[in-house]
Amino acid sequence: MTKFKVGQSVRCIKGEDASGSGWKLGRVFTIKSIFNDKYCPLYCDSSGLGVFATHLEAVTKTIEDVEYQDIIENEWGKCKVLGRLNDVIFISMSNDFDKAGGYYTTSDLKEKKYKISQEEEEKMITIKGKEYSEDTIHKSLKEYVK
């Protein structure tokens with residue numbers, strides 16, 4: 001079992017940039033994949049570069065920290081963050097993640113009482129000692145079948 005999960009935001013609390021990998025103290029990133037060899041899981045960002053759990057701490061996201069593909073919600077439903085340009089956040093229609101719904105600043109989203117959605121824990125599948133998200137497996141199978 002791993003300490004962190006795919007999709008979770010973490011902060012680097014140990015490290016230096018001597019290796020050139022970009023793991024600087026204070027760096028915040030979203031875990032995109034986990035390479036788990038049972039004894040020492042490696043948590044990777046979208047570039048594929050990884051760091052060990054002892055170098056990380058969990059970060060609680062706020063509406064100011066939303067990024068592409070985050071799910072936000074308010075009393076009217078859930079929206080997906082479709083993109084971000086500085087302080088402007090592009091979101092989907094409420095409860096329809098495939099249609100554009102508008103763009104707002106972080107203060108607009110706060111005013112509309114949006115918060116980060118607490119999604120159900122992502123289902124993980126272990127194959128030959130490595131942990132993969134169920135979504136990753138499904139996407140890979142669809143590509144393989146094409």
# chains A, B, ... in the order shown; residues from 1 in each chain; ligands from 1
$ select_by_dssp --residues "chain A" --states "strand (DSSP E or B)" --output "VMD selection string"
chain A and resid 9 to 12 28 to 30 33 to 35 42 to 44 50 to 52 56 to 58 71 to 74 77 to 85 88 to 93 96 to 105 115 to 116 124 to 127 130 to 133
$ residues_around --residues "A:Ile89" --least-positions-apart "4" --cutoff "10 Å" --atoms "only C-alpha atoms" --output "list of chain:residue names"
A:Glu64, A:Val66, A:Glu67, A:Tyr68, A:Val81, A:Leu82, A:Gly83, A:Arg84, A:Leu85, A:Gly102, A:Tyr103, A:Tyr104, A:Thr105, A:Thr106, A:Asp108, A:Leu109
$ residues_around --residues "A:Gln8" --least-positions-apart "4" --cutoff "8 Å" --atoms "only C-alpha atoms" --output "list in words"
Phe4, Thr30, Ile31, Ala58 and Val59 of chain A
$ atom_distance --atom1 "atom CA of A:Cys79" --atom2 "atom CA of A:Met93"
6.1 Å
$ closest_residue --among "A:Lys110, A:His55, A:Lys99, A:Lys78" --to "A:Ile13" --atoms "only C-alpha atoms"
A:His55
$ residues_around --residues "A:Tyr132" --least-positions-apart "2" --cutoff "9 Å" --atoms "only C-alpha atoms" --output "ChimeraX atom specification"
/A:6,33-35,123-127,130,134-137
$ write_last_selection --atoms "N, CA and C atoms" --output "PDB file, in the first residue's frame"
ATOM      1  N   VAL A   6      -2.755   8.489  -6.672  1.00  0.00           N
ATOM      2  CA  VAL A   6      -2.753   9.202  -7.952  1.00  0.00           C
ATOM      3  C   VAL A   6      -3.813  10.302  -7.887  1.00  0.00           C
ATOM      4  N   SER A  33       1.387   9.208 -11.481  1.00  0.00           N
ATOM      5  CA  SER A  33       1.584   7.757 -11.473  1.00  0.00           C
ATOM      6  C   SER A  33       2.452   7.357 -10.290  1.00  0.00           C
ATOM      7  N   ILE A  34       2.369   6.074  -9.938  1.00  0.00           N
ATOM      8  CA  ILE A  34       3.142   5.541  -8.830  1.00  0.00           C
ATOM      9  C   ILE A  34       3.818   4.265  -9.298  1.00  0.00           C
ATOM     10  N   PHE A  35       5.125   4.213  -9.136  1.00  0.00           N
ATOM     11  CA  PHE A  35       5.863   2.983  -9.411  1.00  0.00           C
ATOM     12  C   PHE A  35       6.155   2.360  -8.057  1.00  0.00           C
ATOM     13  N   LYS A 123      -9.807   4.036  -7.650  1.00  0.00           N
ATOM     14  CA  LYS A 123      -9.556   2.602  -7.552  1.00  0.00           C
ATOM     15  C   LYS A 123      -8.217   2.286  -8.194  1.00  0.00           C
ATOM     16  N   MET A 124      -7.403   1.531  -7.468  1.00  0.00           N
ATOM     17  CA  MET A 124      -6.076   1.175  -7.947  1.00  0.00           C
ATOM     18  C   MET A 124      -6.003  -0.328  -8.215  1.00  0.00           C
ATOM     19  N   ILE A 125      -5.217  -0.685  -9.218  1.00  0.00           N
ATOM     20  CA  ILE A 125      -5.003  -2.082  -9.597  1.00  0.00           C
ATOM     21  C   ILE A 125      -3.503  -2.334  -9.556  1.00  0.00           C
ATOM     22  N   THR A 126      -3.093  -3.436  -8.925  1.00  0.00           N
ATOM     23  CA  THR A 126      -1.677  -3.784  -8.853  1.00  0.00           C
ATOM     24  C   THR A 126      -1.371  -4.864  -9.887  1.00  0.00           C
ATOM     25  N   ILE A 127      -0.379  -4.585 -10.734  1.00  0.00           N
ATOM     26  CA  ILE A 127       0.061  -5.538 -11.757  1.00  0.00           C
ATOM     27  C   ILE A 127       1.569  -5.681 -11.631  1.00  0.00           C
ATOM     28  N   LYS A 130       3.363  -3.187  -9.456  1.00  0.00           N
ATOM     29  CA  LYS A 130       3.188  -1.760  -9.727  1.00  0.00           C
ATOM     30  C   LYS A 130       1.709  -1.413  -9.617  1.00  0.00           C
ATOM     31  N   GLU A 134      -7.386   2.613 -12.090  1.00  0.00           N
ATOM     32  CA  GLU A 134      -8.318   1.866 -12.940  1.00  0.00           C
ATOM     33  C   GLU A 134      -8.562   2.604 -14.253  1.00  0.00           C
ATOM     34  N   ASP A 135      -8.631   3.937 -14.190  1.00  0.00           N
ATOM     35  CA  ASP A 135      -8.826   4.748 -15.403  1.00  0.00           C
ATOM     36  C   ASP A 135      -7.672   4.566 -16.382  1.00  0.00           C
ATOM     37  N   THR A 136      -6.444   4.524 -15.877  1.00  0.00           N
ATOM     38  CA  THR A 136      -5.269   4.347 -16.729  1.00  0.00           C
ATOM     39  C   THR A 136      -5.335   3.003 -17.440  1.00  0.00           C
ATOM     40  N   ILE A 137      -5.734   1.967 -16.732  1.00  0.00           N
ATOM     41  CA  ILE A 137      -5.843   0.629 -17.317  1.00  0.00           C
ATOM     42  C   ILE A 137      -6.901   0.633 -18.420  1.00  0.00           C
TER      43      ILE A 137
END
$ residues_around --residues "A:Lys14" --least-positions-apart "6" --cutoff "12 Å" --atoms "only C-alpha atoms" --output "ChimeraX atom specification"
/A:23-27,51-57
$ write_last_selection --atoms "C-alpha atoms" --output "mmCIF file, in the first residue's frame"
data_model
loop_
_atom_site.group_PDB
_atom_site.id
_atom_site.type_symbol
_atom_site.label_atom_id
_atom_site.label_comp_id
_atom_site.auth_asym_id
_atom_site.auth_seq_id
_atom_site.Cartn_x
_atom_site.Cartn_y
_atom_site.Cartn_z
ATOM 1 C CA TRP A 23 12.656 18.276 -7.042
ATOM 2 C CA LYS A 24 13.121 21.552 -5.236
ATOM 3 C CA LEU A 25 12.141 22.142 -1.662
ATOM 4 C CA GLY A 26 8.582 23.503 -1.551
ATOM 5 C CA ARG A 27 7.618 22.318 -5.053
ATOM 6 C CA VAL A 51 10.422 11.182 -5.659
ATOM 7 C CA PHE A 52 10.042 9.020 -2.544
ATOM 8 C CA ALA A 53 7.316 9.367 0.099
ATOM 9 C CA THR A 54 9.791 10.508 2.778
ATOM 10 C CA HIS A 55 10.375 13.623 0.665
ATOM 11 C CA LEU A 56 6.682 14.541 0.395
ATOM 12 C CA GLU A 57 3.769 15.851 2.421
#
$ select_by_dssp --residues "chain A" --states "helix (DSSP H, G or I)" --output "PDB file with N, CA and C atoms, in the first residue's frame"
ATOM      1  N   ALA A  53       8.308   8.877  -0.851  1.00  0.00           N
ATOM      2  CA  ALA A  53       7.316   9.367   0.099  1.00  0.00           C
ATOM      3  C   ALA A  53       7.942  10.161   1.238  1.00  0.00           C
ATOM      4  N   THR A  54       9.153   9.797   1.665  1.00  0.00           N
ATOM      5  CA  THR A  54       9.791  10.508   2.778  1.00  0.00           C
ATOM      6  C   THR A  54      10.133  11.944   2.415  1.00  0.00           C
ATOM      7  N   HIS A  55      10.073  12.271   1.121  1.00  0.00           N
ATOM      8  CA  HIS A  55      10.375  13.623   0.665  1.00  0.00           C
ATOM      9  C   HIS A  55       9.116  14.451   0.426  1.00  0.00           C
ATOM     10  N   ILE A  63      -9.583  26.538  -3.529  1.00  0.00           N
ATOM     11  CA  ILE A  63     -10.099  27.014  -4.820  1.00  0.00           C
ATOM     12  C   ILE A  63      -9.030  27.839  -5.555  1.00  0.00           C
ATOM     13  N   GLU A  64      -8.099  28.456  -4.834  1.00  0.00           N
ATOM     14  CA  GLU A  64      -7.012  29.214  -5.463  1.00  0.00           C
ATOM     15  C   GLU A  64      -6.029  28.297  -6.207  1.00  0.00           C
ATOM     16  N   ASP A  65      -5.972  27.021  -5.815  1.00  0.00           N
ATOM     17  CA  ASP A  65      -4.997  26.079  -6.361  1.00  0.00           C
ATOM     18  C   ASP A  65      -5.540  25.203  -7.485  1.00  0.00           C
ATOM     19  N   THR A 106     -10.724  33.491  -9.460  1.00  0.00           N
ATOM     20  CA  THR A 106     -10.838  32.748  -8.205  1.00  0.00           C
ATOM     21  C   THR A 106     -11.813  33.445  -7.253  1.00  0.00           C
ATOM     22  N   SER A 107     -11.811  34.775  -7.251  1.00  0.00           N
ATOM     23  CA  SER A 107     -12.749  35.486  -6.362  1.00  0.00           C
ATOM     24  C   SER A 107     -14.201  35.252  -6.801  1.00  0.00           C
ATOM     25  N   ASP A 108     -14.448  35.139  -8.131  1.00  0.00           N
ATOM     26  CA  ASP A 108     -15.798  34.808  -8.626  1.00  0.00           C
ATOM     27  C   ASP A 108     -16.223  33.431  -8.112  1.00  0.00           C
ATOM     28  N   LEU A 109     -15.311  32.470  -8.184  1.00  0.00           N
ATOM     29  CA  LEU A 109     -15.636  31.108  -7.749  1.00  0.00           C
ATOM     30  C   LEU A 109     -15.904  31.061  -6.246  1.00  0.00           C
ATOM     31  N   LYS A 110     -15.133  31.807  -5.483  1.00  0.00           N
ATOM     32  CA  LYS A 110     -15.369  31.887  -4.029  1.00  0.00           C
ATOM     33  C   LYS A 110     -16.727  32.495  -3.752  1.00  0.00           C
ATOM     34  N   GLU A 111     -17.067  33.569  -4.484  1.00  0.00           N
ATOM     35  CA  GLU A 111     -18.345  34.249  -4.310  1.00  0.00           C
ATOM     36  C   GLU A 111     -19.508  33.295  -4.605  1.00  0.00           C
ATOM     37  N   GLU A 134      -7.386   2.613 -12.090  1.00  0.00           N
ATOM     38  CA  GLU A 134      -8.318   1.866 -12.940  1.00  0.00           C
ATOM     39  C   GLU A 134      -8.562   2.604 -14.253  1.00  0.00           C
ATOM     40  N   ASP A 135      -8.631   3.937 -14.190  1.00  0.00           N
ATOM     41  CA  ASP A 135      -8.826   4.748 -15.403  1.00  0.00           C
ATOM     42  C   ASP A 135      -7.672   4.566 -16.382  1.00  0.00           C
ATOM     43  N   THR A 136      -6.444   4.524 -15.877  1.00  0.00           N
ATOM     44  CA  THR A 136      -5.269   4.347 -16.729  1.00  0.00           C
ATOM     45  C   THR A 136      -5.335   3.003 -17.440  1.00  0.00           C
ATOM     46  N   ILE A 137      -5.734   1.967 -16.732  1.00  0.00           N
ATOM     47  CA  ILE A 137      -5.843   0.629 -17.317  1.00  0.00           C
ATOM     48  C   ILE A 137      -6.901   0.633 -18.420  1.00  0.00           C
ATOM     49  N   HIS A 138      -8.057   1.235 -18.153  1.00  0.00           N
ATOM     50  CA  HIS A 138      -9.127   1.283 -19.157  1.00  0.00           C
ATOM     51  C   HIS A 138      -8.696   2.044 -20.405  1.00  0.00           C
ATOM     52  N   LYS A 139      -8.030   3.179 -20.217  1.00  0.00           N
ATOM     53  CA  LYS A 139      -7.557   3.970 -21.364  1.00  0.00           C
ATOM     54  C   LYS A 139      -6.535   3.187 -22.179  1.00  0.00           C
ATOM     55  N   SER A 140      -5.619   2.501 -21.494  1.00  0.00           N
ATOM     56  CA  SER A 140      -4.601   1.705 -22.190  1.00  0.00           C
ATOM     57  C   SER A 140      -5.233   0.570 -22.979  1.00  0.00           C
ATOM     58  N   LEU A 141      -6.225  -0.070 -22.394  1.00  0.00           N
ATOM     59  CA  LEU A 141      -6.900  -1.173 -23.090  1.00  0.00           C
ATOM     60  C   LEU A 141      -7.639  -0.671 -24.323  1.00  0.00           C
ATOM     61  N   LYS A 142      -8.271   0.496 -24.218  1.00  0.00           N
ATOM     62  CA  LYS A 142      -8.973   1.068 -25.381  1.00  0.00           C
ATOM     63  C   LYS A 142      -7.993   1.352 -26.504  1.00  0.00           C
ATOM     64  N   GLU A 143      -6.806   1.899 -26.171  1.00  0.00           N
ATOM     65  CA  GLU A 143      -5.781   2.175 -27.181  1.00  0.00           C
ATOM     66  C   GLU A 143      -5.271   0.881 -27.798  1.00  0.00           C
ATOM     67  N   TYR A 144      -5.100  -0.147 -26.983  1.00  0.00           N
ATOM     68  CA  TYR A 144      -4.579  -1.433 -27.444  1.00  0.00           C
ATOM     69  C   TYR A 144      -5.554  -2.113 -28.401  1.00  0.00           C
ATOM     70  N   VAL A 145      -6.849  -1.984 -28.125  1.00  0.00           N
ATOM     71  CA  VAL A 145      -7.882  -2.634 -28.931  1.00  0.00           C
ATOM     72  C   VAL A 145      -8.059  -1.956 -30.288  1.00  0.00           C
TER      73      VAL A 145
END
$ atom_distance --atom1 "atom CA of A:Glu75" --atom2 "atom CA of A:Asp87"
22.7 Å
$ closest_residue --among "A:Asn74, A:Gly129, A:Gly7, A:Cys12" --to "A:Cys40" --atoms "only C-alpha atoms"
A:Gly129
$ atom_distance --atom1 "atom CA of A:Asp70" --atom2 "atom CA of A:Ala100"
14.4 Å
